[in-house]
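Student: My structure is below; once you've seen it, I'll send some questions.
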Amino acid sequence: MDLLNTLVDKGLRRELPTREEALAVLATSDDDLLDVVAAAGKVRRHWFGRRVKLNYLVNLKSGLCPEDCSYCSQRLGSTTGILKYSWLGPDEASQAAAAGLAGGAKRVCLVASGRGPTDRDVDRVAGTIKAIKEQNEGVEVCACLGLLSDGQAERLREAGADAYNHNLNTSEATYGDITTTHTYADRVDTVQKAHAAGLSACSGLIAGMGESDEDLVDVVYSLRELDPDSVPVNFLIPVEGTPLAKEWHLTPQRCLRILAMVRFVCPDVEVRIAGGREVHLRTMQPLALHLANSIFLGDYLTTEGQAGQADLEMIADAGFEVEGTDQVTLPEHRAAGGCHEGGGACGSAPQASTPQDSTPQASTSQINEARTDLVAVRRRGAGTDLAPNA
C-alpha cells in the first residue's frame with residue numbers, strides 16, 4: 001500500500017503524517033491489518049529496536065475521588081466495589097514497588113486518586129520517592145497525582161521524580177462529555193507544568209469511550225504538539241458501576257489500528273500499551289508489541305491484569321527483550337532533551353489539516369460482545385495483605 005510506504009518513510013524522518021493519512025490507518029480493513037502492523041513495526045524497531053520497557057503501578061490512594069470522570073472506577077459516587085484506602089506510607093509503598101522491580105520493571109508509577117495534590121500530599125509523595133530511590137539503584141519514578149498547582153512540579157523534581165503523568169484522555173471537543181469537574185485545558189496546563197519543571201512528561205489517551213476516528217486523531221495530534229516522552233494508550237475497561245460500563249466498542253483489530261496510528265504520529269516516543277490490553281487485545285497482545293515499546297507489568301490501579309510471569313513469557317515468545325536499567329529508553333535526540341527546547345514538538349511542524357466529517361466510523365458505533373469475565377476488581381497488592389501480581 002502506498003499509504004503505508006509513505007507513513008514508514010515519514011516515521012523514519014520524524015515527519016508528521018497528514019490527518020487524512022492518520023484517519024486512513026484507522027479505516028483499513030482486516031485484510032490489510034498485518035500489513036499495517038508490519039509497517040508501524042518498522043518505525044518502532046527503527047527507534048526502539050526490540051526492547052520492551054516494563055512499568056509498574058503503585059496505587060498510593062484508592063477511591064474517594066471528588067471528580068466525576070465517567071470512565072473511572074474511583075470517581076465521585078462510584079458503586080464499583082473497588083479497594084478504598086487513604087495514603088500508603090513510604091515503607092508500604094516502597095515494598096509494593098519492590099515487587100514490580102523484582103519482576104523486571106524499570107519505572108515505578110506512583111498514582112493517587114483525587115483532583116490534585118495538596119502541598120502536604122507532595123511532601124508525602126516526596127518521602128515515598130526518596131525511599132524507593134534509596135532502595136533501588138537506577139529505578140525511574142513517575143508521579144501521577146492529578147492537576148498540579150504552581151511550584152508542585154518543581155518540588156517533585158527536587159524530590160527525585162523523573163516523570164509526571166497526566167493524560168489528555170480524549171479530544172478537546174468531546175472532553176466535556178466524559179468529565180465536568182475539570183476541563184481539557186486544565187489537563188494541558190498540568191502537562192506543560194511538568195515540562196517546564198524539567199520532568200519527563202507522560203500523557204496519553206483512552207480509546208473505546210464511543211469516540212469517533214476524528215476524536216482519536218485529534219487527541220493524538222494534540223499529544224504530538226505537547227510532545228510528551230511517553231504516550232500511554234489505554235483501552236477502556238468498562239467496570240460495572242461506572243457510567244461507561246456498557247461501552248464495549250473495541251475489537252482486537254481496532255486496538256491494533258489505534259496503536260499503529262499512534263506510532264505513526266508519534267514515531268520516536270515511548271508508546272505504552274496501558275490499561276485494558278488483556279480485556280480488548282486478548283490473544284493478539286503479542287502483535288501489539290510490534291507497535292508499542294512499553295507495557296505495564298501485572299495489575300492496574302483498581303483492576304487485575306495478566307499475571308506478571310505471563311507478561312514476561314509473552315515478551316520472550318514474541319522475540320522481544322525486557323529493557324534493562326542500564327539502557328536508555330528514548331532515542332538519543334530525545335534523551336538529550338533537544339526536542340523540548342522552546343516548547344515545540346519533536347520533528348517537523350504540524351501540517352495544515354482539512355476539516356473532517358465528525359461522524360463515527362461503523363467500527364466505533366457498534367457495541368461488541370461484552371467480556372465482563374475479563375474484568376476483575378483488584379484484591380491484591382497495595383492496600384491489601386495479599387502479595388502483588390508482578
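The way I read the labels, and the way they are meant: chains A, B, ... in the order of the C-alpha cells, residue 1 as the first residue of every chain, and ligand 1 as the first ligand shown, with later ones counted on from there.
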Taking only C-alpha atoms into account, produce a table as JSON lines in which each residue of region 5-118 of chain A with an atom at most 12 Å from an atom of region 196-207 of chain A appears once, together with its shortest atom pair and the distance in Å to one decimal, ordered by chain and rising number.
Tutor:
{"residue": "A:Cys69", "atom": "CA", "partner": "A:Ile206", "partner_atom": "CA", "distance": 11.8}
{"residue": "A:Ser70", "atom": "CA", "partner": "A:Ile206", "partner_atom": "CA", "distance": 11.6}
{"residue": "A:Tyr71", "atom": "CA", "partner": "A:Ile206", "partner_atom": "CA", "distance": 8.8}
{"residue": "A:Cys72", "atom": "CA", "partner": "A:Ile206", "partner_atom": "CA", "distance": 10.9}
{"residue": "A:Cys109", "atom": "CA", "partner": "A:Cys202", "partner_atom": "CA", "distance": 10.6}
Student: Give me, as an mmCIF file with all heavy atoms, in the first residue's frame, all polymer residues having an atom no more than 10 Å from Ala274 (chain A), counting only C-alpha atoms and skipping those fewer than 4 positions away in the same chain.
Tutor:
data_model
loop_
_atom_site.group_PDB
_atom_site.id
_atom_site.type_symbol
_atom_site.label_atom_id
_atom_site.label_comp_id
_atom_site.auth_asym_id
_atom_site.auth_seq_id
_atom_site.Cartn_x
_atom_site.Cartn_y
_atom_site.Cartn_z
ATOM 1 N N ASN A 55 6.777 -1.108 33.159
ATOM 2 C CA ASN A 55 6.392 -0.112 34.153
ATOM 3 C C ASN A 55 5.501 -0.790 35.191
ATOM 4 O O ASN A 55 4.764 -1.724 34.863
ATOM 5 C CB ASN A 55 5.621 1.027 33.494
ATOM 6 C CG ASN A 55 6.352 1.614 32.308
ATOM 7 O OD1 ASN A 55 7.062 2.593 32.421
ATOM 8 N ND2 ASN A 55 6.178 1.012 31.130
ATOM 9 N N GLY A 204 -1.309 10.528 27.683
ATOM 10 C CA GLY A 204 -1.869 9.650 26.669
ATOM 11 C C GLY A 204 -3.365 9.782 26.537
ATOM 12 O O GLY A 204 -3.946 10.844 26.757
ATOM 13 N N LEU A 205 -4.016 8.680 26.202
ATOM 14 C CA LEU A 205 -5.428 8.702 25.852
ATOM 15 C C LEU A 205 -6.126 7.440 26.329
ATOM 16 O O LEU A 205 -5.486 6.467 26.739
ATOM 17 C CB LEU A 205 -5.599 8.827 24.342
ATOM 18 C CG LEU A 205 -5.068 7.651 23.510
ATOM 19 C CD1 LEU A 205 -6.021 7.333 22.359
ATOM 20 C CD2 LEU A 205 -3.688 7.981 22.955
ATOM 21 N N ILE A 206 -7.456 7.474 26.260
ATOM 22 C CA ILE A 206 -8.301 6.311 26.488
ATOM 23 C C ILE A 206 -9.134 6.102 25.243
ATOM 24 O O ILE A 206 -9.863 7.005 24.810
ATOM 25 C CB ILE A 206 -9.229 6.495 27.701
ATOM 26 C CG1 ILE A 206 -8.440 6.853 28.959
ATOM 27 C CG2 ILE A 206 -10.053 5.227 27.941
ATOM 28 C CD1 ILE A 206 -9.324 7.209 30.146
ATOM 29 N N VAL A 231 3.660 8.097 25.751
ATOM 30 C CA VAL A 231 2.237 8.184 25.430
ATOM 31 C C VAL A 231 1.570 6.856 25.784
ATOM 32 O O VAL A 231 1.657 5.882 25.026
ATOM 33 C CB VAL A 231 2.017 8.507 23.940
ATOM 34 C CG1 VAL A 231 0.526 8.475 23.597
ATOM 35 C CG2 VAL A 231 2.599 9.871 23.586
ATOM 36 N N PRO A 232 0.912 6.774 26.944
ATOM 37 C CA PRO A 232 0.164 5.560 27.286
ATOM 38 C C PRO A 232 -1.150 5.507 26.504
ATOM 39 O O PRO A 232 -1.890 6.492 26.456
ATOM 40 C CB PRO A 232 -0.105 5.710 28.793
ATOM 41 C CG PRO A 232 0.640 6.926 29.228
ATOM 42 C CD PRO A 232 0.897 7.756 28.028
ATOM 43 N N VAL A 233 -1.411 4.359 25.900
ATOM 44 C CA VAL A 233 -2.673 4.147 25.198
ATOM 45 C C VAL A 233 -3.503 3.181 26.028
ATOM 46 O O VAL A 233 -3.213 1.984 26.119
ATOM 47 C CB VAL A 233 -2.448 3.585 23.787
ATOM 48 C CG1 VAL A 233 -3.790 3.376 23.075
ATOM 49 C CG2 VAL A 233 -1.560 4.524 22.968
ATOM 50 N N ASN A 234 -4.530 3.728 26.674
ATOM 51 C CA ASN A 234 -5.446 2.922 27.476
ATOM 52 C C ASN A 234 -6.642 2.515 26.632
ATOM 53 O O ASN A 234 -7.137 3.289 25.806
ATOM 54 C CB ASN A 234 -5.960 3.730 28.682
ATOM 55 C CG ASN A 234 -4.866 4.093 29.654
ATOM 56 O OD1 ASN A 234 -4.494 3.293 30.501
ATOM 57 N ND2 ASN A 234 -4.340 5.312 29.529
ATOM 58 N N PHE A 235 -7.121 1.297 26.847
ATOM 59 C CA PHE A 235 -8.364 0.833 26.237
ATOM 60 C C PHE A 235 -9.383 0.697 27.366
ATOM 61 O O PHE A 235 -9.153 -0.020 28.338
ATOM 62 C CB PHE A 235 -8.130 -0.500 25.529
ATOM 63 C CG PHE A 235 -7.087 -0.412 24.441
ATOM 64 C CD1 PHE A 235 -5.850 -1.031 24.589
ATOM 65 C CD2 PHE A 235 -7.331 0.321 23.293
ATOM 66 C CE1 PHE A 235 -4.886 -0.940 23.609
ATOM 67 C CE2 PHE A 235 -6.366 0.418 22.292
ATOM 68 C CZ PHE A 235 -5.140 -0.216 22.449
ATOM 69 N N LEU A 236 -10.486 1.408 27.226
ATOM 70 C CA LEU A 236 -11.467 1.486 28.310
ATOM 71 C C LEU A 236 -11.786 0.120 28.905
ATOM 72 O O LEU A 236 -12.132 -0.812 28.180
ATOM 73 C CB LEU A 236 -12.760 2.123 27.795
ATOM 74 C CG LEU A 236 -13.893 2.183 28.826
ATOM 75 C CD1 LEU A 236 -13.604 3.215 29.898
ATOM 76 C CD2 LEU A 236 -15.227 2.469 28.139
ATOM 77 N N GLU A 278 -5.457 -6.618 28.183
ATOM 78 C CA GLU A 278 -5.892 -8.005 28.347
ATOM 79 C C GLU A 278 -7.363 -8.170 27.970
ATOM 80 O O GLU A 278 -7.764 -9.206 27.434
ATOM 81 C CB GLU A 278 -5.696 -8.465 29.795
ATOM 82 C CG GLU A 278 -4.259 -8.408 30.278
ATOM 83 C CD GLU A 278 -3.901 -7.063 30.908
ATOM 84 O OE1 GLU A 278 -4.641 -6.080 30.699
ATOM 85 O OE2 GLU A 278 -2.883 -7.009 31.605
ATOM 86 N N SER A 294 6.414 -0.437 25.218
ATOM 87 C CA SER A 294 6.306 -0.326 26.667
ATOM 88 C C SER A 294 4.964 -0.888 27.108
ATOM 89 O O SER A 294 3.960 -0.745 26.404
ATOM 90 C CB SER A 294 6.426 1.156 27.061
ATOM 91 O OG SER A 294 6.298 1.347 28.444
ATOM 92 N N ILE A 295 4.939 -1.552 28.277
ATOM 93 C CA ILE A 295 3.686 -2.041 28.860
ATOM 94 C C ILE A 295 3.738 -1.876 30.374
ATOM 95 O O ILE A 295 4.807 -1.660 30.949
ATOM 96 C CB ILE A 295 3.405 -3.527 28.531
ATOM 97 C CG1 ILE A 295 4.468 -4.436 29.180
ATOM 98 C CG2 ILE A 295 3.328 -3.762 27.036
ATOM 99 C CD1 ILE A 295 4.147 -5.923 29.079
ATOM 100 N N PHE A 296 2.595 -2.001 31.005
ATOM 101 C CA PHE A 296 2.540 -2.132 32.462
ATOM 102 C C PHE A 296 2.648 -3.603 32.819
ATOM 103 O O PHE A 296 2.012 -4.455 32.186
ATOM 104 C CB PHE A 296 1.246 -1.553 33.024
ATOM 105 C CG PHE A 296 1.258 -0.062 33.174
ATOM 106 C CD1 PHE A 296 0.444 0.729 32.384
ATOM 107 C CD2 PHE A 296 2.091 0.547 34.101
ATOM 108 C CE1 PHE A 296 0.457 2.113 32.513
ATOM 109 C CE2 PHE A 296 2.120 1.922 34.243
ATOM 110 C CZ PHE A 296 1.306 2.707 33.441
ATOM 111 N N LEU A 297 3.427 -3.894 33.820
ATOM 112 C CA LEU A 297 3.579 -5.251 34.331
ATOM 113 C C LEU A 297 2.528 -5.510 35.407
ATOM 114 O O LEU A 297 2.352 -4.702 36.312
ATOM 115 C CB LEU A 297 4.979 -5.409 34.923
ATOM 116 C CG LEU A 297 5.328 -6.751 35.577
ATOM 117 C CD1 LEU A 297 5.505 -7.828 34.511
ATOM 118 C CD2 LEU A 297 6.603 -6.618 36.413
ATOM 119 N N TYR A 300 -3.384 -3.243 37.452
ATOM 120 C CA TYR A 300 -3.593 -1.815 37.256
ATOM 121 C C TYR A 300 -4.040 -1.191 38.583
ATOM 122 O O TYR A 300 -3.888 -1.782 39.638
ATOM 123 C CB TYR A 300 -4.596 -1.592 36.123
ATOM 124 C CG TYR A 300 -4.105 -2.220 34.843
ATOM 125 C CD1 TYR A 300 -4.618 -3.456 34.412
ATOM 126 C CD2 TYR A 300 -3.093 -1.642 34.095
ATOM 127 C CE1 TYR A 300 -4.141 -4.058 33.264
ATOM 128 C CE2 TYR A 300 -2.602 -2.238 32.947
ATOM 129 C CZ TYR A 300 -3.121 -3.450 32.537
ATOM 130 O OH TYR A 300 -2.642 -4.061 31.408
#
Student: Could you pull out the residues in region 93-169 of chain A that DSSP calls strand (DSSP E or B) from the backbone, as an NGL selection string?
Tutor: :A and (107-112 or 140-144 or 163-165 or 169)
Student: Write the residues you've just listed into a file as an mmCIF file, in the first residue's frame, and include N, CA, C and O atoms for each of them.
Tutor:
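Saved result, result.cif, follows:
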data_model
loop_
_atom_site.group_PDB
_atom_site.id
_atom_site.type_symbol
_atom_site.label_atom_id
_atom_site.label_comp_id
_atom_site.auth_asym_id
_atom_site.auth_seq_id
_atom_site.Cartn_x
_atom_site.Cartn_y
_atom_site.Cartn_z
ATOM 1 N N ARG A 107 10.456 1.285 35.601
ATOM 2 C CA ARG A 107 9.850 2.524 36.109
ATOM 3 C C ARG A 107 8.714 2.179 37.062
ATOM 4 O O ARG A 107 7.911 1.281 36.786
ATOM 5 N N VAL A 108 8.636 2.895 38.163
ATOM 6 C CA VAL A 108 7.535 2.790 39.108
ATOM 7 C C VAL A 108 6.656 4.021 38.943
ATOM 8 O O VAL A 108 7.154 5.155 38.950
ATOM 9 N N CYS A 109 5.358 3.810 38.770
ATOM 10 C CA CYS A 109 4.402 4.892 38.601
ATOM 11 C C CYS A 109 3.576 5.015 39.875
ATOM 12 O O CYS A 109 2.818 4.104 40.212
ATOM 13 N N LEU A 110 3.759 6.116 40.587
ATOM 14 C CA LEU A 110 3.070 6.363 41.860
ATOM 15 C C LEU A 110 1.819 7.185 41.575
ATOM 16 O O LEU A 110 1.902 8.336 41.154
ATOM 17 N N VAL A 111 0.647 6.575 41.812
ATOM 18 C CA VAL A 111 -0.620 7.190 41.425
ATOM 19 C C VAL A 111 -1.485 7.408 42.657
ATOM 20 O O VAL A 111 -1.518 6.564 43.561
ATOM 21 N N ALA A 112 -2.186 8.525 42.683
ATOM 22 C CA ALA A 112 -3.120 8.789 43.777
ATOM 23 C C ALA A 112 -4.393 9.395 43.213
ATOM 24 O O ALA A 112 -4.347 10.273 42.345
ATOM 25 N N GLU A 140 13.451 4.405 37.770
ATOM 26 C CA GLU A 140 12.777 5.644 37.391
ATOM 27 C C GLU A 140 11.476 5.744 38.176
ATOM 28 O O GLU A 140 10.795 4.738 38.384
ATOM 29 N N VAL A 141 11.123 6.946 38.596
ATOM 30 C CA VAL A 141 9.872 7.153 39.322
ATOM 31 C C VAL A 141 9.038 8.199 38.590
ATOM 32 O O VAL A 141 9.509 9.306 38.309
ATOM 33 N N CYS A 142 7.813 7.835 38.283
ATOM 34 C CA CYS A 142 6.852 8.746 37.664
ATOM 35 C C CYS A 142 5.720 8.983 38.659
ATOM 36 O O CYS A 142 5.201 8.028 39.244
ATOM 37 N N ALA A 143 5.343 10.226 38.867
ATOM 38 C CA ALA A 143 4.230 10.564 39.749
ATOM 39 C C ALA A 143 2.998 10.886 38.915
ATOM 40 O O ALA A 143 3.099 11.454 37.823
ATOM 41 N N CYS A 144 1.829 10.523 39.433
ATOM 42 C CA CYS A 144 0.557 10.806 38.767
ATOM 43 C C CYS A 144 -0.439 11.160 39.859
ATOM 44 O O CYS A 144 -1.067 10.275 40.452
ATOM 45 N N ALA A 163 9.546 11.724 36.160
ATOM 46 C CA ALA A 163 8.486 11.977 35.178
ATOM 47 C C ALA A 163 7.181 12.303 35.889
ATOM 48 O O ALA A 163 7.012 12.041 37.086
ATOM 49 N N TYR A 164 6.245 12.867 35.113
ATOM 50 C CA TYR A 164 4.907 13.126 35.634
ATOM 51 C C TYR A 164 3.898 12.726 34.567
ATOM 52 O O TYR A 164 4.031 13.078 33.389
ATOM 53 N N ASN A 165 2.884 11.971 34.986
ATOM 54 C CA ASN A 165 1.833 11.522 34.077
ATOM 55 C C ASN A 165 0.546 12.294 34.296
ATOM 56 O O ASN A 165 0.083 12.457 35.421
ATOM 57 N N ASN A 169 -6.662 12.045 27.557
ATOM 58 C CA ASN A 169 -7.766 11.076 27.513
ATOM 59 C C ASN A 169 -8.569 11.088 26.221
ATOM 60 O O ASN A 169 -8.757 10.048 25.598
#
Student: Near Glu134 (chain A), within 12 Å and counting only C-alpha atoms, which residues show up once chain neighbours fewer than 2 positions away are dropped, as a PDB file with C-alpha atoms, in the first residue's frame?
Tutor:
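What ended up in result_31.pdb:
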ATOM      1  CA  PRO A  90       6.616   5.386  52.310  1.00  0.00           C
ATOM      2  CA  ASP A  91       7.649   1.940  53.580  1.00  0.00           C
ATOM      3  CA  SER A  94       8.302   1.081  48.665  1.00  0.00           C
ATOM      4  CA  ALA A  98       9.909  -3.594  45.074  1.00  0.00           C
ATOM      5  CA  GLY A 127       9.165  10.830  51.075  1.00  0.00           C
ATOM      6  CA  THR A 128       7.969   7.819  49.098  1.00  0.00           C
ATOM      7  CA  ILE A 129      10.123   8.747  46.101  1.00  0.00           C
ATOM      8  CA  LYS A 130      13.159   9.064  48.369  1.00  0.00           C
ATOM      9  CA  ALA A 131      12.508   5.655  49.952  1.00  0.00           C
ATOM     10  CA  ILE A 132      12.148   3.924  46.585  1.00  0.00           C
ATOM     11  CA  ASN A 136      16.595   0.578  44.203  1.00  0.00           C
ATOM     12  CA  GLU A 137      19.511   1.819  42.150  1.00  0.00           C
ATOM     13  CA  GLY A 138      18.648   3.033  38.669  1.00  0.00           C
ATOM     14  CA  VAL A 139      14.881   2.998  39.125  1.00  0.00           C
ATOM     15  CA  GLU A 140      12.777   5.644  37.391  1.00  0.00           C
ATOM     16  CA  VAL A 141       9.872   7.153  39.322  1.00  0.00           C
ATOM     17  CA  ALA A 159      12.407  15.123  45.466  1.00  0.00           C
ATOM     18  CA  GLY A 160      13.783  12.850  42.750  1.00  0.00           C
TER      19      GLY A 160
END
Student: When you look at Val52 (chain A) with a cut-off of 7 Å (counting only C-alpha atoms), what residues show up, excluding the ones that are within fewer than 3 positions of it in the same chain? I need them as a list in words.
Tutor: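 What passes the distance filter is Asn293, Ser294, Phe320, Glu321, Val322 and Glu323 of chain A.
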Student: Restricting the output to N, CA, C and O atoms, write the selected residues as an mmCIF file, in the first residue's frame.
Tutor:
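Output saved as out_13.cif:
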data_model
loop_
_atom_site.group_PDB
_atom_site.id
_atom_site.type_symbol
_atom_site.label_atom_id
_atom_site.label_comp_id
_atom_site.auth_asym_id
_atom_site.auth_seq_id
_atom_site.Cartn_x
_atom_site.Cartn_y
_atom_site.Cartn_z
ATOM 1 N N ASN A 293 6.384 0.007 22.547
ATOM 2 C CA ASN A 293 7.656 -0.448 23.121
ATOM 3 C C ASN A 293 7.634 -0.444 24.639
ATOM 4 O O ASN A 293 8.676 -0.490 25.281
ATOM 5 N N SER A 294 6.414 -0.437 25.218
ATOM 6 C CA SER A 294 6.306 -0.326 26.667
ATOM 7 C C SER A 294 4.964 -0.888 27.108
ATOM 8 O O SER A 294 3.960 -0.745 26.404
ATOM 9 N N PHE A 320 10.975 -10.429 21.699
ATOM 10 C CA PHE A 320 11.405 -9.142 22.238
ATOM 11 C C PHE A 320 12.200 -9.367 23.524
ATOM 12 O O PHE A 320 12.243 -10.486 24.047
ATOM 13 N N GLU A 321 12.806 -8.315 24.045
ATOM 14 C CA GLU A 321 13.584 -8.419 25.271
ATOM 15 C C GLU A 321 13.204 -7.298 26.223
ATOM 16 O O GLU A 321 12.822 -6.200 25.805
ATOM 17 N N VAL A 322 13.274 -7.595 27.515
ATOM 18 C CA VAL A 322 12.955 -6.590 28.531
ATOM 19 C C VAL A 322 14.096 -5.580 28.611
ATOM 20 O O VAL A 322 15.261 -5.951 28.693
ATOM 21 N N GLU A 323 13.737 -4.325 28.588
ATOM 22 C CA GLU A 323 14.729 -3.248 28.664
ATOM 23 C C GLU A 323 15.314 -3.160 30.060
ATOM 24 O O GLU A 323 14.581 -3.143 31.060
#
Student: For Arg277 (chain A), which of A:Leu250, A:His290, A:Leu156, A:Phe264 is the closest residue, counting only C-alpha atoms?
Tutor: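 Residue with the minimum atom-to-atom distance to Arg277 (chain A): A:Leu250.
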Student: Here is a test: counting only C-alpha atoms, which residue of A:Gln152, A:Thr174, A:Asn389, A:Thr6 is nearest to Thr190 (chain A)?
Tutor: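 Comparing A:Gln152, A:Thr174, A:Asn389, A:Thr6 against Thr190 (chain A), the winner is A:Gln152.
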Student: Near Thr283 (chain A), within 12 Å and counting only C-alpha atoms, which residues show up once chain neighbours fewer than 4 positions away are dropped, as a ChimeraX atom specification?
Tutor: /A:251-253,277-279,287-288,306,310,314
